[in-house]
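So this block is final-v4.txt, compact mmCIF, C-alpha atoms and all ligand atoms:
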```
# COMPACT_ATOMS: atom_id res chain seq x y z
CA MET A 1 14.24 25.05 -115.17
CA ASP A 2 16.20 22.38 -117.02
CA VAL A 3 19.23 23.80 -118.84
CA LEU A 4 21.35 22.54 -121.73
CA LEU A 5 24.91 23.86 -121.90
CA VAL A 6 26.70 23.37 -125.22
CA GLY A 7 30.47 22.84 -125.18
CA GLY A 8 33.04 20.72 -123.43
CA GLY A 9 35.99 22.84 -122.31
CA GLY A 10 37.16 24.58 -119.17
CA ARG A 11 34.81 27.48 -119.88
CA GLU A 12 31.85 25.13 -119.90
CA HIS A 13 32.91 23.40 -116.67
CA ALA A 14 33.09 26.82 -114.99
CA LEU A 15 29.69 27.83 -116.43
CA ALA A 16 28.19 24.52 -115.32
CA TRP A 17 29.62 25.04 -111.83
CA LYS A 18 28.03 28.49 -111.65
CA LEU A 19 24.72 27.43 -113.21
CA LYS A 20 24.39 24.66 -110.61
CA GLN A 21 24.40 27.31 -107.89
CA SER A 22 21.21 28.88 -109.20
CA PRO A 23 18.26 28.11 -106.91
CA ARG A 24 16.11 27.95 -110.05
CA ILE A 25 18.05 25.27 -111.91
CA GLY A 26 16.53 21.86 -112.45
CA LYS A 27 18.42 19.29 -114.46
CA LEU A 28 21.64 20.36 -116.16
CA TYR A 29 22.74 18.70 -119.40
CA ILE A 30 26.12 19.38 -120.98
CA ALA A 31 26.76 18.49 -124.63
CA PRO A 32 29.27 17.00 -124.99
CA GLY A 33 30.79 18.03 -121.62
CA ASN A 34 33.99 16.62 -120.16
CA GLY A 35 35.30 14.54 -117.27
CA GLY A 36 34.47 17.34 -114.82
CA THR A 37 31.02 18.40 -116.00
CA ARG A 38 29.74 14.84 -115.47
CA LEU A 39 29.92 15.55 -111.74
CA LEU A 40 27.57 18.54 -112.09
CA GLY A 41 25.02 17.25 -114.56
CA GLU A 42 24.47 14.74 -117.33
CA ASN A 43 26.92 14.71 -120.22
CA VAL A 44 25.10 14.19 -123.52
CA PRO A 45 27.09 12.63 -126.38
CA ILE A 46 26.10 15.18 -129.03
CA GLY A 47 28.79 17.40 -130.59
CA ALA A 48 28.58 21.19 -130.39
CA MET A 49 28.25 21.41 -134.21
CA GLU A 50 25.30 18.98 -134.43
CA PHE A 51 22.71 21.76 -134.32
CA GLU A 52 19.62 19.82 -135.35
CA LYS A 53 20.39 16.94 -132.98
CA LEU A 54 20.93 19.41 -130.14
CA ALA A 55 17.66 21.23 -130.93
CA ASP A 56 15.78 17.90 -131.09
CA PHE A 57 17.29 16.96 -127.72
CA ALA A 58 16.23 20.33 -126.22
CA GLU A 59 12.69 19.81 -127.52
CA GLU A 60 12.47 16.23 -126.29
CA LYS A 61 13.75 17.12 -122.80
CA LYS A 62 11.67 20.34 -122.60
CA ILE A 63 14.79 22.37 -121.91
CA GLY A 64 13.94 25.86 -120.63
CA LEU A 65 17.22 27.48 -121.66
CA THR A 66 20.18 26.47 -123.82
CA VAL A 67 23.49 28.25 -123.25
CA ILE A 68 26.09 28.18 -126.02
CA GLY A 69 29.73 28.23 -124.87
CA PRO A 70 32.15 27.92 -127.84
CA ASP A 71 32.80 30.12 -130.89
CA ASP A 72 32.39 27.56 -133.69
CA PRO A 73 28.68 26.78 -133.14
CA LEU A 74 27.92 30.49 -132.71
CA ALA A 75 29.70 31.38 -135.96
CA GLY A 76 27.89 28.46 -137.62
CA GLY A 77 24.46 29.77 -136.61
CA ILE A 78 23.37 27.45 -133.78
CA VAL A 79 21.35 30.26 -132.19
CA ASP A 80 19.38 30.79 -135.42
CA VAL A 81 18.64 27.04 -135.61
CA PHE A 82 17.40 26.95 -132.01
CA LYS A 83 15.27 30.06 -132.58
CA ALA A 84 13.77 28.49 -135.71
CA HIS A 85 12.69 25.60 -133.45
CA GLY A 86 11.08 28.12 -131.07
CA LEU A 87 13.63 27.29 -128.36
CA ARG A 88 15.00 29.69 -125.77
CA VAL A 89 18.72 30.09 -126.35
CA TRP A 90 21.48 32.34 -125.01
CA GLY A 91 24.10 33.62 -127.45
CA PRO A 92 24.45 35.85 -130.52
CA THR A 93 22.91 35.05 -133.90
CA LYS A 94 25.13 34.07 -136.82
CA GLU A 95 24.98 37.66 -138.12
CA ALA A 96 26.07 39.15 -134.80
CA ALA A 97 28.70 36.43 -134.20
CA GLN A 98 30.48 37.55 -137.38
CA ILE A 99 32.21 40.04 -135.10
CA GLU A 100 34.36 37.04 -134.11
CA GLY A 101 33.89 34.68 -137.06
CA SER A 102 35.26 37.17 -139.61
CA LYS A 103 38.19 39.40 -138.71
CA ALA A 104 37.67 41.18 -142.03
CA PHE A 105 34.10 42.03 -140.93
CA SER A 106 35.14 43.18 -137.45
CA LYS A 107 38.04 45.33 -138.71
CA GLN A 108 35.74 47.00 -141.23
CA LEU A 109 33.13 47.61 -138.53
CA MET A 110 35.80 49.17 -136.32
CA ARG A 111 36.97 51.40 -139.17
CA GLU A 112 33.39 52.56 -139.86
CA ALA A 113 32.52 53.12 -136.18
CA GLY A 114 35.83 54.83 -135.29
CA ILE A 115 36.80 52.16 -132.77
CA PRO A 116 40.54 52.26 -132.02
CA THR A 117 42.37 49.41 -133.74
CA GLY A 118 45.63 48.85 -135.63
CA GLU A 119 46.04 49.92 -139.27
CA PHE A 120 45.16 47.05 -141.58
CA GLY A 121 44.41 45.70 -145.03
CA VAL A 122 42.23 42.73 -146.07
CA PHE A 123 43.40 40.44 -148.88
CA THR A 124 42.31 37.39 -150.82
CA GLU A 125 45.39 37.20 -153.10
CA TYR A 126 48.85 36.22 -151.95
CA GLU A 127 50.75 38.68 -154.21
CA LYS A 128 48.69 41.68 -153.06
CA ALA A 129 49.02 40.62 -149.44
CA PHE A 130 52.79 40.30 -149.68
CA ALA A 131 53.06 43.65 -151.50
CA TYR A 132 51.20 45.26 -148.56
CA VAL A 133 53.63 43.66 -146.09
CA ARG A 134 56.58 45.17 -148.05
CA GLU A 135 54.85 48.55 -148.21
CA ARG A 136 54.02 48.68 -144.46
CA GLY A 137 57.33 47.31 -143.17
CA LEU A 138 58.13 45.11 -140.18
CA PRO A 139 57.20 43.82 -137.67
CA ILE A 140 53.72 43.06 -138.95
CA VAL A 141 50.87 40.70 -138.06
CA VAL A 142 49.21 38.24 -140.43
CA LYS A 143 45.80 36.87 -139.38
CA ALA A 144 43.51 34.30 -140.94
CA SER A 145 40.14 36.07 -141.09
CA GLY A 146 38.08 33.09 -139.89
CA LEU A 147 38.17 30.96 -136.74
CA ALA A 148 41.40 28.99 -136.25
CA LEU A 149 41.47 27.67 -132.65
CA GLY A 150 43.53 30.70 -131.58
CA LYS A 151 46.30 29.63 -133.97
CA GLY A 152 45.60 31.88 -136.95
CA VAL A 153 47.65 34.88 -135.79
CA TYR A 154 51.28 35.24 -136.91
CA VAL A 155 53.55 37.98 -135.56
CA CYS A 156 56.19 38.40 -138.28
CA GLN A 157 59.57 39.95 -137.53
CA THR A 158 61.09 39.38 -140.98
CA LEU A 159 59.88 39.27 -144.58
CA ALA A 160 60.66 35.55 -144.54
CA ASP A 161 58.31 35.13 -141.52
CA ALA A 162 55.56 37.00 -143.38
CA GLU A 163 56.10 34.95 -146.51
CA ALA A 164 55.91 31.73 -144.49
CA ALA A 165 52.74 32.89 -142.69
CA LEU A 166 50.99 33.90 -145.91
CA ASN A 167 52.05 30.63 -147.48
CA GLU A 168 50.56 28.61 -144.59
CA VAL A 169 47.30 30.55 -144.56
CA MET A 170 46.69 31.35 -148.25
CA VAL A 171 48.54 28.67 -150.20
CA ARG A 172 48.72 25.58 -147.96
CA LYS A 173 45.36 26.57 -146.40
CA ILE A 174 46.24 25.02 -143.06
CA HIS A 175 43.23 26.80 -141.51
CA LYS A 176 41.07 25.74 -144.48
CA ASP A 177 38.52 28.37 -145.59
CA SER A 178 39.26 30.43 -142.46
CA GLY A 179 42.23 31.60 -144.54
CA ASP A 180 40.23 32.62 -147.64
CA GLN A 181 40.72 36.20 -146.48
CA VAL A 182 43.70 37.46 -144.52
CA VAL A 183 43.94 40.57 -142.42
CA ILE A 184 47.38 42.15 -142.34
CA GLU A 185 47.70 44.40 -139.39
CA GLU A 186 50.10 46.86 -137.81
CA PHE A 187 52.12 45.31 -134.95
CA LEU A 188 51.27 46.91 -131.61
CA ASP A 189 53.45 46.86 -128.52
CA GLY A 190 52.16 46.72 -124.92
CA GLN A 191 50.19 44.39 -122.68
CA GLU A 192 47.03 42.57 -123.70
CA ILE A 193 43.88 42.68 -121.59
CA SER A 194 40.43 41.13 -121.99
CA LEU A 195 37.12 42.92 -121.57
CA HIS A 196 33.75 41.21 -121.27
CA ALA A 197 30.34 42.84 -121.54
CA LEU A 198 26.98 41.08 -121.24
CA SER A 199 24.51 42.47 -123.73
CA ASP A 200 20.80 42.14 -124.41
CA GLY A 201 21.10 43.99 -127.70
CA LYS A 202 20.24 47.38 -126.16
CA ASN A 203 21.69 47.38 -122.65
CA TYR A 204 25.03 46.03 -121.48
CA LEU A 205 26.90 45.33 -118.25
CA MET A 206 30.68 45.44 -117.99
CA PHE A 207 32.72 42.75 -116.24
CA PRO A 208 36.01 43.62 -114.49
CA SER A 209 39.18 43.51 -116.58
CA SER A 210 41.12 40.28 -116.94
CA GLN A 211 44.42 39.22 -118.49
CA ASP A 212 45.05 35.96 -120.30
CA HIS A 213 48.48 34.54 -121.15
CA LYS A 214 48.41 33.30 -124.72
CA THR A 215 51.86 31.92 -125.51
CA ILE A 216 53.12 28.54 -124.39
CA GLY A 217 56.49 29.79 -123.13
CA GLU A 218 57.29 31.79 -119.99
CA GLY A 219 58.06 35.46 -120.57
CA ASP A 220 55.38 35.48 -123.31
CA THR A 221 57.50 33.46 -125.71
CA GLY A 222 56.77 30.64 -128.14
CA LYS A 223 53.66 29.69 -130.04
CA ASN A 224 50.17 30.95 -129.36
CA THR A 225 47.76 28.67 -127.49
CA GLY A 226 44.04 28.99 -126.81
CA GLY A 227 45.03 30.79 -123.56
CA ILE A 228 46.78 29.14 -120.64
CA GLY A 229 46.49 31.35 -117.58
CA THR A 230 44.30 34.24 -116.49
CA ILE A 231 44.04 36.77 -113.71
CA ALA A 232 41.17 39.11 -112.78
CA PRO A 233 40.90 41.93 -112.13
CA VAL A 234 44.10 43.38 -113.65
CA PRO A 235 45.48 45.53 -110.82
CA TRP A 236 46.84 48.34 -113.01
CA VAL A 237 43.64 48.77 -115.05
CA THR A 238 41.89 51.62 -113.23
CA ALA A 239 38.17 52.39 -113.08
CA GLU A 240 38.91 55.43 -115.25
CA MET A 241 40.57 53.26 -117.90
CA MET A 242 37.60 50.88 -117.83
CA GLY A 243 35.25 53.85 -118.29
CA THR A 244 37.22 55.01 -121.34
CA LEU A 245 37.23 51.50 -122.84
CA GLU A 246 33.51 51.19 -122.28
CA THR A 247 32.89 54.52 -124.04
CA ASN A 248 35.37 54.05 -126.88
CA VAL A 249 35.07 50.32 -127.54
CA VAL A 250 32.15 48.43 -126.00
CA ARG A 251 29.32 50.92 -126.48
CA PRO A 252 30.12 51.92 -130.08
CA THR A 253 30.61 48.27 -131.09
CA LEU A 254 27.26 47.18 -129.69
CA ASN A 255 25.62 50.25 -131.23
CA ALA A 256 27.22 49.53 -134.62
CA LEU A 257 25.98 45.92 -134.58
CA ALA A 258 22.47 47.06 -133.60
CA ALA A 259 22.53 49.69 -136.38
CA LYS A 260 23.39 46.93 -138.89
CA GLY A 261 20.22 45.11 -137.82
CA SER A 262 22.09 42.41 -135.89
CA PRO A 263 21.90 43.39 -132.22
CA PHE A 264 24.34 41.41 -130.10
CA VAL A 265 22.78 39.21 -127.41
CA GLY A 266 25.29 37.31 -125.29
CA ILE A 267 28.72 38.26 -124.10
CA LEU A 268 31.04 40.46 -126.15
CA TYR A 269 34.70 39.88 -125.38
CA PRO A 270 37.05 42.42 -126.91
CA GLY A 271 40.77 41.60 -126.69
CA LEU A 272 42.82 44.78 -126.45
CA LYS A 273 46.44 45.87 -126.64
CA MET A 274 47.22 48.67 -124.22
CA SER A 275 49.79 50.07 -126.66
CA SER A 276 52.05 53.12 -126.52
CA LYS A 277 49.63 54.64 -129.08
CA GLY A 278 46.72 54.10 -126.66
CA PRO A 279 44.30 51.16 -126.25
CA LYS A 280 43.64 49.32 -129.53
CA VAL A 281 41.25 46.44 -130.19
CA LEU A 282 43.06 43.32 -131.41
CA GLU A 283 39.95 41.24 -131.92
CA PHE A 284 36.38 40.72 -130.83
CA ASN A 285 35.03 37.45 -129.53
CA ALA A 286 31.33 36.65 -129.44
CA ARG A 287 31.45 34.36 -126.38
CA PHE A 288 33.08 34.02 -122.97
CA GLY A 289 36.87 33.79 -122.93
CA ASP A 290 38.53 30.56 -121.94
CA PRO A 291 40.15 30.64 -119.34
CA GLU A 292 38.70 34.09 -118.50
CA THR A 293 35.38 32.42 -117.59
CA GLN A 294 37.10 30.27 -114.97
CA VAL A 295 38.16 33.41 -113.08
CA TYR A 296 34.99 35.44 -113.64
CA MET A 297 32.77 32.63 -112.33
CA ARG A 298 34.84 32.59 -109.13
CA LEU A 299 34.21 36.32 -108.59
CA LEU A 300 30.64 36.79 -109.83
CA LYS A 301 28.00 36.88 -107.07
CA ASN A 302 24.86 37.09 -109.26
CA ASP A 303 22.73 34.12 -110.24
CA ILE A 304 24.00 33.53 -113.77
CA LEU A 305 20.66 32.06 -114.85
CA ASP A 306 19.04 35.45 -114.10
CA LEU A 307 21.69 37.18 -116.21
CA PHE A 308 21.31 34.82 -119.17
CA GLU A 309 17.54 35.25 -119.09
CA ALA A 310 17.82 39.04 -118.80
CA CYS A 311 19.95 39.04 -121.98
CA ILE A 312 17.28 37.09 -123.86
CA ASP A 313 14.38 39.15 -122.46
CA GLY A 314 16.04 42.54 -123.04
CA THR A 315 15.94 43.38 -119.33
CA LEU A 316 19.64 43.70 -118.52
CA ASP A 317 18.95 47.29 -117.39
CA LYS A 318 17.18 45.74 -114.35
CA GLN A 319 20.30 43.81 -113.30
CA ILE A 320 23.33 45.00 -111.33
CA LEU A 321 26.47 42.89 -111.41
CA GLU A 322 27.96 42.08 -108.03
CA TRP A 323 31.50 40.80 -107.54
CA ASN A 324 33.41 39.25 -104.68
CA SER A 325 36.32 41.38 -103.55
CA GLY A 326 39.88 40.21 -104.11
CA PHE A 327 41.34 38.38 -107.08
CA ALA A 328 40.88 35.15 -109.01
CA VAL A 329 43.43 33.31 -111.13
CA ASN A 330 43.42 30.21 -113.29
CA ILE A 331 46.52 28.21 -114.21
CA VAL A 332 46.04 25.83 -117.12
CA LEU A 333 47.77 22.46 -116.92
CA CYS A 334 48.58 21.37 -120.48
CA SER A 335 49.55 18.15 -122.23
CA GLY A 336 53.27 18.07 -123.05
CA GLY A 337 53.76 19.18 -126.67
CA TYR A 338 50.66 21.42 -126.82
CA PRO A 339 49.98 23.60 -128.89
CA ASP A 340 51.70 21.23 -131.35
CA GLU A 341 51.13 17.47 -131.34
CA TYR A 342 50.59 15.83 -127.98
CA LYS A 343 49.57 12.43 -126.65
CA LYS A 344 46.26 11.75 -124.88
CA GLY A 345 44.92 9.10 -122.57
CA PHE A 346 47.21 9.58 -119.56
CA PRO A 347 45.65 8.93 -116.13
CA ILE A 348 45.23 12.03 -113.94
CA THR A 349 45.68 11.95 -110.16
CA GLY A 350 45.73 14.49 -107.32
CA ILE A 351 42.69 16.62 -108.21
CA GLU A 352 41.02 15.93 -104.86
CA GLU A 353 44.19 16.93 -102.98
CA ALA A 354 44.51 20.07 -105.09
CA GLY A 355 40.91 21.00 -104.32
CA LYS A 356 41.69 20.94 -100.57
CA VAL A 357 44.00 23.96 -100.88
CA ASP A 358 42.23 27.08 -99.56
CA GLY A 359 40.32 28.97 -102.23
CA VAL A 360 40.99 26.41 -104.99
CA ILE A 361 38.60 24.81 -107.46
CA VAL A 362 39.90 22.66 -110.30
CA PHE A 363 38.02 23.00 -113.59
CA HIS A 364 38.34 20.29 -116.22
CA ALA A 365 38.95 21.03 -119.90
CA GLY A 366 40.56 18.21 -121.91
CA THR A 367 39.59 15.31 -119.65
CA VAL A 368 37.50 12.20 -120.15
CA PHE A 369 36.20 9.63 -117.69
CA ASP A 370 36.13 6.02 -118.88
CA GLY A 371 36.18 4.39 -115.47
CA GLN A 372 39.31 6.41 -114.79
CA LEU A 373 40.00 10.12 -115.37
CA LYS A 374 42.33 10.64 -118.34
CA THR A 375 43.74 13.44 -120.46
CA SER A 376 41.90 14.04 -123.73
CA GLY A 377 43.02 17.46 -124.93
CA GLY A 378 45.81 20.05 -125.03
CA ARG A 379 44.46 22.18 -122.21
CA VAL A 380 43.70 19.52 -119.61
CA LEU A 381 42.75 21.26 -116.35
CA GLY A 382 42.40 24.78 -115.01
CA VAL A 383 43.46 25.27 -111.42
CA SER A 384 41.51 28.30 -110.23
CA ALA A 385 42.03 30.10 -106.94
CA VAL A 386 40.70 33.18 -105.22
CA GLY A 387 42.61 35.30 -102.72
CA GLY A 388 42.52 38.63 -100.96
CA THR A 389 45.53 39.71 -103.02
CA LEU A 390 46.70 38.64 -106.45
CA LYS A 391 49.77 37.05 -104.86
CA GLU A 392 47.68 35.03 -102.44
CA ALA A 393 45.48 33.73 -105.26
CA LEU A 394 48.54 32.81 -107.34
CA ASP A 395 50.32 31.09 -104.44
CA ARG A 396 47.23 28.99 -103.75
CA ALA A 397 46.77 28.03 -107.40
CA TYR A 398 50.42 27.03 -107.83
CA LYS A 399 50.41 25.03 -104.60
CA ALA A 400 47.38 23.12 -105.89
CA ALA A 401 48.78 22.73 -109.41
CA ASP A 402 51.83 20.92 -107.98
CA LYS A 403 49.56 18.28 -106.40
CA ILE A 404 48.10 17.16 -109.74
CA GLN A 405 49.94 14.57 -111.82
CA PHE A 406 49.69 13.25 -115.36
CA GLU A 407 52.39 12.28 -117.80
CA GLY A 408 53.80 15.27 -119.67
CA LYS A 409 52.07 17.88 -117.45
CA TYR A 410 53.22 21.38 -118.39
CA TYR A 411 52.22 24.79 -117.11
CA ARG A 412 53.67 28.26 -117.12
CA ARG A 413 55.09 29.33 -113.77
CA ASP A 414 54.83 33.03 -114.53
CA ILE A 415 51.07 33.55 -114.77
CA GLY A 416 50.33 36.95 -113.21
CA ALA A 417 54.02 37.83 -112.90
CA LYS A 418 53.74 40.90 -115.17
CA ALA A 419 50.84 42.23 -113.10
CA LEU A 420 52.63 41.54 -109.80
CA ALA A 421 55.73 43.38 -111.05
CA LEU A 422 53.63 46.50 -111.69
CA GLU A 423 51.95 46.49 -108.26
N1 LIG A 501 41.25 33.66 -123.81
C1 LIG A 501 41.37 33.33 -125.16
C2 LIG A 501 40.10 33.02 -125.82
O1 LIG A 501 39.12 32.68 -125.18
O2 LIG A 501 40.03 33.11 -127.03
```
Please re-express this file's structure in structure tokens.
Amino acid sequence: MDVLLVGGGGREHALAWKLKQSPRIGKLYIAPGNGGTRLLGENVPIGAMEFEKLADFAEEKKIGLTVIGPDDPLAGGIVDVFKAHGLRVWGPTKEAAQIEGSKAFSKQLMREAGIPTGEFGVFTEYEKAFAYVRERGLPIVVKASGLALGKGVYVCQTLADAEAALNEVMVRKIHKDSGDQVVIEEFLDGQEISLHALSDGKNYLMFPSSQDHKTIGEGDTGKNTGGIGTIAPVPWVTAEMMGTLETNVVRPTLNALAAKGSPFVGILYPGLKMSSKGPKVLEFNARFGDPETQVYMRLLKNDILDLFEACIDGTLDKQILEWNSGFAVNIVLCSGGYPDEYKKGFPITGIEEAGKVDGVIVFHAGTVFDGQLKTSGGRVLGVSAVGGTLKEALDRAYKAADKIQFEGKYYRRDIGAKALALE
């Protein structure tokens, strides 16, 4: 079966890598892909938001399955467009993807379904929003309701911080119409973890826990990024905890979406805070996490094509997920300056050497090949490694990360350190 994969980040390189291992795969196209996916299939120069062009391409090439990676096309309704063309596509509809595309929608759904989440209010007017901040007290979290490249969340320690955040989102509109509504939410302490559950709309299958590292600075300091380092599974998250999270978060969320007439087909990725008040959902995502995918694909034994098709066919109850033992990690190598301004176009060397380290595979994210491999984004590469222990996986990934060079290369040296300290 020929497959079209939409997206061009590290998540898509990892999905392409896994898809290529399916004995049933024919030709793999990636639109638009990156400097790494070109080695696994054919990169197609069509953007992820060009729905009609992508659907025409899928028709012309007789694609058997299209897999959607990123959030923006899902929120924009790419799945509905493909379905209208009679094409087979993996991912949630626009209605179901609202769980990520609108934080106001997802918070309201959680309130209605009794899913544990922080106290909140939703506002469209600056004055009312700021009055709520004063009423609730500090610290407090301001969030743009729509998609904002992971940059729409502001943790405010002072009233001045909250004023500045509301000003950016509601007055200066730096996230454009993603800031038409803001969610103001109770600040929660504790560690963040990621859950992932494949769903066919009726049945679901849980992935192991994972933990991303969102801020640019070591010790979880500095600005938020798209996510720059992940481990899986999280050693202190027990099977009992996972059972509770499945019962209290995943199942009721999928049931609530189905009850609204928009069953969720794809992968639901709740981000949680394991707070002193108990686990609380911070947000839902309607797609695979990035860089969570880069670690999950290293651990998953199943043929991912079978899983994608089972989601579409409503036969996920016939599948059992199988995982390699041990741990997987992914260290993201970033462009200097990211998540603020950064320069692109620097040559990259050392990937082959890095790939020779035991257990290591380097996934590309912001790379381009124009006769030479160069940086083209903020998150440039993901150095993934597996190991029998978390420490072994981390040691391997860091050893490999040191072998890769490009001007301005930056990465956190403390990925997994919190989890190791608790072992
Ligand atoms: N891991 C962060 C994200 O995918 O949004």
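Residue nearest ligand LIG 501 (chain A), chosen from A:Arg396, A:His213, A:Lys83, A:Arg251 and counting all atoms listed in the file: A:His213.
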Please, which residues in chain A fall within 9 Å of ligand LIG 501 (chain A) when counting all atoms listed in the file, and what is the closest atom pair and distance in Å to one decimal for each, ordered by chain then residue number, as JSON lines?
```
{"residue": "A:Arg11", "atom": "CA", "partner": "A:LIG501", "partner_atom": "O1", "distance": 8.6}
{"residue": "A:Pro70", "atom": "CA", "partner": "A:LIG501", "partner_atom": "O1", "distance": 8.8}
{"residue": "A:Asp71", "atom": "CA", "partner": "A:LIG501", "partner_atom": "O2", "distance": 8.7}
{"residue": "A:Leu149", "atom": "CA", "partner": "A:LIG501", "partner_atom": "O2", "distance": 8.0}
{"residue": "A:Gly150", "atom": "CA", "partner": "A:LIG501", "partner_atom": "O2", "distance": 6.2}
{"residue": "A:Ser194", "atom": "CA", "partner": "A:LIG501", "partner_atom": "N1", "distance": 7.7}
{"residue": "A:Gln211", "atom": "CA", "partner": "A:LIG501", "partner_atom": "N1", "distance": 8.3}
{"residue": "A:Asp212", "atom": "CA", "partner": "A:LIG501", "partner_atom": "N1", "distance": 5.7}
{"residue": "A:His213", "atom": "CA", "partner": "A:LIG501", "partner_atom": "N1", "distance": 7.8}
{"residue": "A:Lys214", "atom": "CA", "partner": "A:LIG501", "partner_atom": "C1", "distance": 7.1}
{"residue": "A:Thr225", "atom": "CA", "partner": "A:LIG501", "partner_atom": "C1", "distance": 8.2}
{"residue": "A:Gly226", "atom": "CA", "partner": "A:LIG501", "partner_atom": "C1", "distance": 5.4}
{"residue": "A:Gly227", "atom": "CA", "partner": "A:LIG501", "partner_atom": "C1", "distance": 4.7}
{"residue": "A:Ile228", "atom": "CA", "partner": "A:LIG501", "partner_atom": "N1", "distance": 7.8}
{"residue": "A:Gly229", "atom": "CA", "partner": "A:LIG501", "partner_atom": "N1", "distance": 8.5}
{"residue": "A:Thr230", "atom": "CA", "partner": "A:LIG501", "partner_atom": "N1", "distance": 8.0}
{"residue": "A:Tyr269", "atom": "CA", "partner": "A:LIG501", "partner_atom": "O1", "distance": 8.5}
{"residue": "A:Gly271", "atom": "CA", "partner": "A:LIG501", "partner_atom": "C1", "distance": 8.4}
{"residue": "A:Asn285", "atom": "CA", "partner": "A:LIG501", "partner_atom": "O2", "distance": 7.1}
{"residue": "A:Arg287", "atom": "CA", "partner": "A:LIG501", "partner_atom": "O1", "distance": 7.9}
{"residue": "A:Phe288", "atom": "CA", "partner": "A:LIG501", "partner_atom": "O1", "distance": 6.6}
{"residue": "A:Gly289", "atom": "CA", "partner": "A:LIG501", "partner_atom": "O1", "distance": 3.4}
{"residue": "A:Asp290", "atom": "CA", "partner": "A:LIG501", "partner_atom": "O1", "distance": 3.9}
{"residue": "A:Pro291", "atom": "CA", "partner": "A:LIG501", "partner_atom": "N1", "distance": 5.5}
{"residue": "A:Glu292", "atom": "CA", "partner": "A:LIG501", "partner_atom": "N1", "distance": 5.9}
{"residue": "A:Thr293", "atom": "CA", "partner": "A:LIG501", "partner_atom": "O1", "distance": 8.5}
```
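Residues surrounding A:Gly326 within 9 Å are Ala232, Pro233, Leu299, Val386, Gly387, Gly388, Thr389, Leu390 and Ala393 of chain A [only C-alpha atoms; sequence separation below 6 positions excluded].
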Export of prior selection with C-alpha atoms as a PDB file, keeping the file's coordinate frame:
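Final file, out-v5.pdb:
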```pdb
ATOM      1  CA  ALA A 232      41.170  39.110-112.780  1.00  0.00           C
ATOM      2  CA  PRO A 233      40.900  41.930-112.130  1.00  0.00           C
ATOM      3  CA  LEU A 299      34.210  36.320-108.590  1.00  0.00           C
ATOM      4  CA  VAL A 386      40.700  33.180-105.220  1.00  0.00           C
ATOM      5  CA  GLY A 387      42.610  35.300-102.720  1.00  0.00           C
ATOM      6  CA  GLY A 388      42.520  38.630-100.960  1.00  0.00           C
ATOM      7  CA  THR A 389      45.530  39.710-103.020  1.00  0.00           C
ATOM      8  CA  LEU A 390      46.700  38.640-106.450  1.00  0.00           C
ATOM      9  CA  ALA A 393      45.480  33.730-105.260  1.00  0.00           C
TER      10      ALA A 393
END
```
Neighbour residues at most 10 Å from (20.1, 39.6, -124.3) (all atoms listed in the file) as a PyMOL selection string:
chain A and resi 89-92+198-204+263-267+307-316
Within 12 Å of A:Pro23, counting only C-alpha atoms, which residues show up once you throw out same-chain ones fewer than 5 positions away? Write them as number ranges by chain, please.
A: 1-2, 18, 302-306
If I put a ball of radius 12 Å at (44.1, 6.3, -117.2) in the file's coordinates, which residues poke into it when counting all atoms listed in the file, written as number ranges by chain?
A: 344-349, 367-376, 405-407
Using all atoms listed in the file, which of the listed residues (A:Leu54, A:Met206, A:Val380, A:Ala16) sits closest to A:Leu39?
A:Ala16
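The space between atom CA of A:Val155 and atom CA of A:Asn224 spans 10.0 Å.
Of the residues listed (A:Lys103, A:Lys53, A:Arg136, A:Lys62), A:Lys103 shows the shortest atom-to-atom separation from A:Ala75; distances use all atoms listed in the file.
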Determine, counting all atoms listed in the file, which protein, DNA and RNA residues have an atom within 8 Å of an atom of A:Tyr126; residues of the same chain fewer than 5 positions away are not included. Present the result as an MDAnalysis selection string.
chainID A and resid 166:167 170:171
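Neighbours of A:Gly146 closer than or equal to 8 Å, with only C-alpha atoms counted and sequence neighbours fewer than 5 positions away skipped, come out as Glu100, Gly101, Ser102, Lys103, Asp177, Ser178, Gly179 and Gln181 of chain A.
Interatomic distance, atom CA of A:Glu12 to atom CA of A:His85: 23.5 Å.
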